[in-house]
Structures are given as C-alpha cells and as structure tokens.
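The structure under discussion appears below in the form of structure tokens.
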Amino acid sequence: MTARPPKTLRQPATGERYSLLGYRAAQRHRESGRSQPLRGSADLHARYDRDLLARLGTEFDRDNTIFEAIVNRMVQGIVGVEGFALQATTKSKRLNRMIEDDWREFAKAPEVRGLFPWAECQKLVLRSVVSAGDVGQLATERQRFQYFESEQITSSRVAVTKPCDCVERGAAAEECPEGHRVVDGVETDCYGRPVRFYVAPYSRDGSIRVGVEEPYGSDVMRLIAHRKRFSQTRGIPVGVPAYPMLHRINDVLDANAVAWQMLSKFAVAITREGAADAAFNESEADGDGRESPPDLADRVVELDEAIIFHGEDGEKVEGVARNLPGGDFGESVRIYLRLIGMPFGLPLEVILLDWSKTNYTASRAALEQTFKGFVGWQRFLKREHCTPTYETWLGWQLASNPRYAPYRDRQDIYAHGWDAPEFPWIDQLKEAQAWGERMDRGLATHTGALQSVSMDRETFLQTRSREIQDAMRTAREINAANTDMPPLDWRTLVGMPVGKTEAAARVNDGGGDANPDE
C-alpha cells in the first residue's frame, strides 16, 4: 500500500497573512522594515510628543470643523446645558438645604476671574481634557478656584534634589538616591505621586513665560487628566489616534471646495499683440518703479466671478487634469468620519446629527453605546473635578463660616451626590411602555428602568422624596391662603395623576396627610 504524501498547509493569500500570524506577527513586523515599538513607561513615550499633541488638539478645536463638532457633541451630551447639580445627602434636611443654597450662590462665580459659572467651568474642564489632555485647578486663598491650561503646566527642571517622603518617614536614604523628579512640569516622589506642580504664567501678549514657573503643592492644586496607563503622569488628548486622519480629511475637503470654487468662475482668455504690456497697463499702479513687463503670474487675473488670462499668439494656459468628486465622494467622507469618531466613542450619526440613513433599531444601538461612553465621562468628571471642588469649598465653609460651626463634627457632613443630565430614550413612549410592561410582569426592576436613563435609584428616591415634601408644604400654604377656592392636590405639583372623582371629593389641609420633616 502506497503511503500518502504528507499534507501541506495552504499558503494564505496576502490579505490573510496578518490575520493568521498570531504570535508570528512580531516576526512579520521585523521583516517589514518598520521601526520597532519603543519599550518604556507612558511618561517616556509622552516626553517628546505630549506638548505638541496638546497644541494640535487645541488648534483643531479652533480651526477644524470636524474636531470642534465632535467636542461640542461630547460637551452637550455629557455636561448638558446646566451642568451637574449638587445634592447634599446628610441626614439633616435643614443642613442639606443650607449647603445647597450656599453652593448655588457660590456656583455663580466659582473661579477667580468671575467670568464662568459652575456649569461653564465643567464644560471647559471637559473640553480641555478632551482636546489638550489635562487641566490644572488651584484652590486659592480667596476661596475661589483658578484654572490653568495644559500648556501652562511646564518646567525646564528634570530633577529636584530633596529626599522623598519615604526617606522622611525614616527609611534608609539609599532607597531614594535620585530624590524627586519632574515630569513635564509635575514633580513626583519615588512612588510617582504628584507632590508639586510648576505653572508658567501668561505674559501680557498671551505667550507662555517659561523660566518663571510658580510651584504649587498637591495640597492646593490638582491635575485633572485623561490617562491610559498606570505609568502616566500627564494627560494625553483623547483623539490622538485620529489626528493623522483629521489632517488628511480636512485637506481633502478643502481641496475639493477650492476646486468647485474655481470651476464655478467664468474663464476668459484674451489673445492679442503685446498682451504682457497691455495686462500690466490695465492693472493698478504698483508704485515700485519697475519697467520690465510682468511675468505670466501677473497676466492671470482672478476676480470674484471670473478668471482672465492675457496671452500672446500661441500662448495658452492649461490646467492639470484632475478627477472631480464622483458620486461616491460623500459616502467616502462618511466612512472616514465614522472612523475618526471611534476614539471619541461617537457614531457618525451623532457627529453629523444626520439620522436619514438609519432605522430605529440601528439608531437605538448606536445611541446606547454613545450613552455608555457618556456615563463613563460623567463619572470621571464627578470623581476628578466636581467632588474635589465641592469638598474643598465645604472645607472653607466649615473653617470660616460661623453658620457651619454646629455641624463640624458630623460624620456625614461631606455626604453628597451629583445630578447629571439624563439621556433620553430613542422613542420615549415605546421605551416607557416597554419598561412598564416588564415591571408589571415582574421581568424588570425599578432600578433597571432608572439605569436605562443613567439615573441612580438612591439619588432618584432622595430627589423624589424632597419634591413630594416640598409639594405638600406648598399645597398647604396655598390652600390656607385660599380657603374659598377648591383645594389644590399636592400631586398635581409633582406630575402624579389625580382622578377627577378623587380630586373633587378630596378636602384636606393641603392635599396630603404627611407632615414633612422640617
């Protein structure tokens, strides 16, 4: 019996090779001649490029329509119009009301310049983190906050010869021979913890005054940063992977806009003897005293509606043949915009605000993913910006405001929450009916329904309880002042349904039996 020849593996086609390589992808990378990926910490990778990337992001936000639209969508969806609202959650309702009233007054001008209310500070912080990677916040002696842009946090120092905290705690000095180091304007100890920030002021013309940096300790200043690795100190702009594509698609769009503009003009060629001198004589006097006739460039005149060329016999101007955008140009742009939006977590429809080429199911899936990303950013802002700001402000009140003296020793004095903007259902009626049906049949919970619109149930119940109590109190006051009128039911003030028969027969001191705790 003849032995069967050994089975050979099929050589994958060119397009399949990289998908089947697995660990051999490293060998393929070396054979391709590409530069090898640099091994090292995130700070090492960002040492030479972070500042340029931050400046590029800021420039894109100024000049690039696509980038600005993306950042605008993120700010509108994550922070909303009014920003995050504070809700004090101590066990004392009286204290909660006092804190919230004082915070609302403070929130009118929380920063030292007095230009931005609290909602605008939240928007600008998010905008700075997305476009530049980070932003600094300083708690000043005036009990107001000062914000420093990413470019201001800089230093020419690379090391500081002082012992680390571990040495000060009694460890052997040889454990920290290098002392502190400065990473792009941030001084860190031997554990990599930020202990000091160096901030360069702006000059009168707005440029950075490098060399006169002011140091601020981490006890009064914090860096709100977008980080992707444990070894990273400074923040990196969110859309960096899309920057090369942003450059190219912007150039493509500009070039095609110029081409359409040129084609829309009326072109005229004037051929005559002595065209060069005639063209010069017909132009405005240049006043430079030159006697020689103008060159070819001076004989092509561009007007708002036309282009005129003055030529001698036998001369002509020919444009380079080019292909105008075809019928698939728009679709190609849409594909690239979809790719650009991926690092930001935004689908194409949200970037363009165009839902004409999608259906309900696809729209719902796209928005659900977008909202999940927005929830992550909301948690980031609460953790890195809102809560530290509130706790610092409340610390000021406890230290200097006599009205807070009786509450200084409370264990729950800092208990609080933030009401973030809700994300609407795609079809509110359909979604509400579906959740109602699921809860009626025991297939879903109230917590799940609230989570579907990014609401925390505990926060919702606290807010709803406060609304009901306020409605009861207000209804009693209105009914006491208008005894000759039909009583007002408190449920009408919180959007709860009241049956006609029940409302007509209901006579009480304010439409409710409860007496809310003052």
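If you're wondering about the labels, chains in the structure tokens are A, B, ... by order shown, residues count from 1 in each chain, ligands from 1 in order shown.
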I want to know what sits within 12 Å of A:Ala225, based on only C-alpha atoms, with residues of the same chain fewer than 6 positions away left out; could you give that as a compact mmCIF listing (two decimals) with N, CA and C atoms, in the first residue's frame?
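And here is the file that came out, part_32.txt:
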```
# COMPACT_ATOMS: atom_id res chain seq x y z
N ALA A 54 -0.88 68.16 22.51
CA ALA A 54 -1.81 69.04 23.20
C ALA A 54 -2.06 70.31 22.40
N VAL A 125 -13.57 72.39 31.53
CA VAL A 125 -12.69 71.34 32.01
C VAL A 125 -12.76 70.12 31.09
N LEU A 126 -13.97 69.69 30.73
CA LEU A 126 -14.11 68.56 29.82
C LEU A 126 -13.50 68.88 28.47
N ARG A 127 -13.72 70.07 27.98
CA ARG A 127 -13.17 70.47 26.67
C ARG A 127 -11.64 70.45 26.72
N SER A 128 -11.06 70.92 27.80
CA SER A 128 -9.60 70.94 27.91
C SER A 128 -9.04 69.53 28.00
N VAL A 129 -9.70 68.65 28.75
CA VAL A 129 -9.21 67.28 28.89
C VAL A 129 -9.28 66.55 27.56
N VAL A 130 -10.37 66.75 26.80
CA VAL A 130 -10.52 66.06 25.52
C VAL A 130 -9.51 66.58 24.50
N SER A 131 -9.35 67.88 24.40
CA SER A 131 -8.51 68.45 23.34
C SER A 131 -7.03 68.54 23.73
N ALA A 132 -6.72 68.83 25.01
CA ALA A 132 -5.33 69.01 25.42
C ALA A 132 -4.82 67.92 26.34
N GLY A 133 -5.69 67.10 26.91
CA GLY A 133 -5.26 66.01 27.74
C GLY A 133 -5.41 66.23 29.23
N ASP A 134 -5.24 67.46 29.70
CA ASP A 134 -5.39 67.73 31.12
C ASP A 134 -5.59 69.22 31.35
N VAL A 135 -5.91 69.57 32.59
CA VAL A 135 -6.10 70.96 33.00
C VAL A 135 -5.85 71.02 34.50
N GLY A 136 -5.29 72.13 34.99
CA GLY A 136 -4.97 72.28 36.39
C GLY A 136 -6.01 73.12 37.12
N GLN A 137 -6.26 72.76 38.38
CA GLN A 137 -7.20 73.52 39.22
C GLN A 137 -6.52 73.84 40.54
N GLU A 149 -4.42 76.21 32.07
CA GLU A 149 -4.48 75.37 30.88
C GLU A 149 -3.26 74.45 30.81
N SER A 150 -3.39 73.40 30.04
CA SER A 150 -2.36 72.37 29.98
C SER A 150 -0.99 72.94 29.61
N GLN A 232 1.59 56.74 33.70
CA GLN A 232 1.38 58.03 33.04
C GLN A 232 1.11 59.11 34.07
N THR A 233 1.81 60.25 33.93
CA THR A 233 1.63 61.38 34.85
C THR A 233 0.77 62.47 34.21
N ARG A 234 1.14 62.96 33.05
CA ARG A 234 0.37 63.98 32.35
C ARG A 234 -0.69 63.32 31.47
N GLY A 235 -1.72 64.08 31.12
CA GLY A 235 -2.79 63.58 30.28
C GLY A 235 -2.46 63.67 28.81
N ILE A 236 -3.09 62.80 28.03
CA ILE A 236 -2.94 62.78 26.58
C ILE A 236 -4.30 63.10 25.96
N PRO A 237 -4.35 63.95 24.93
CA PRO A 237 -5.65 64.24 24.28
C PRO A 237 -6.36 62.97 23.85
N VAL A 238 -7.69 63.02 23.89
CA VAL A 238 -8.49 61.82 23.66
C VAL A 238 -8.38 61.33 22.22
N TRP A 377 -17.70 59.20 31.15
CA TRP A 377 -17.15 60.55 31.26
C TRP A 377 -17.81 61.32 32.40
N PHE A 380 -16.14 60.25 35.47
CA PHE A 380 -14.81 60.85 35.51
C PHE A 380 -14.88 62.28 36.02
N LEU A 381 -15.80 63.07 35.49
CA LEU A 381 -15.92 64.46 35.92
C LEU A 381 -16.34 64.58 37.38
N ARG A 383 -15.75 62.40 39.76
CA ARG A 383 -14.65 61.94 40.61
C ARG A 383 -13.47 62.90 40.60
N GLU A 384 -13.10 63.41 39.42
CA GLU A 384 -11.88 64.18 39.29
C GLU A 384 -12.08 65.69 39.45
N HIS A 385 -13.30 66.17 39.21
CA HIS A 385 -13.50 67.63 39.23
C HIS A 385 -14.57 68.06 40.23
```
Long-range neighbours of stretch 57-71 of chain A as a count of residues only, 12 Å cut-off, only C-alpha atoms, 5 positions minimum in chain: 59
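From atom CA of A:Thr89 back to atom CA of A:Ala449, the distance works out to 22.7 Å.
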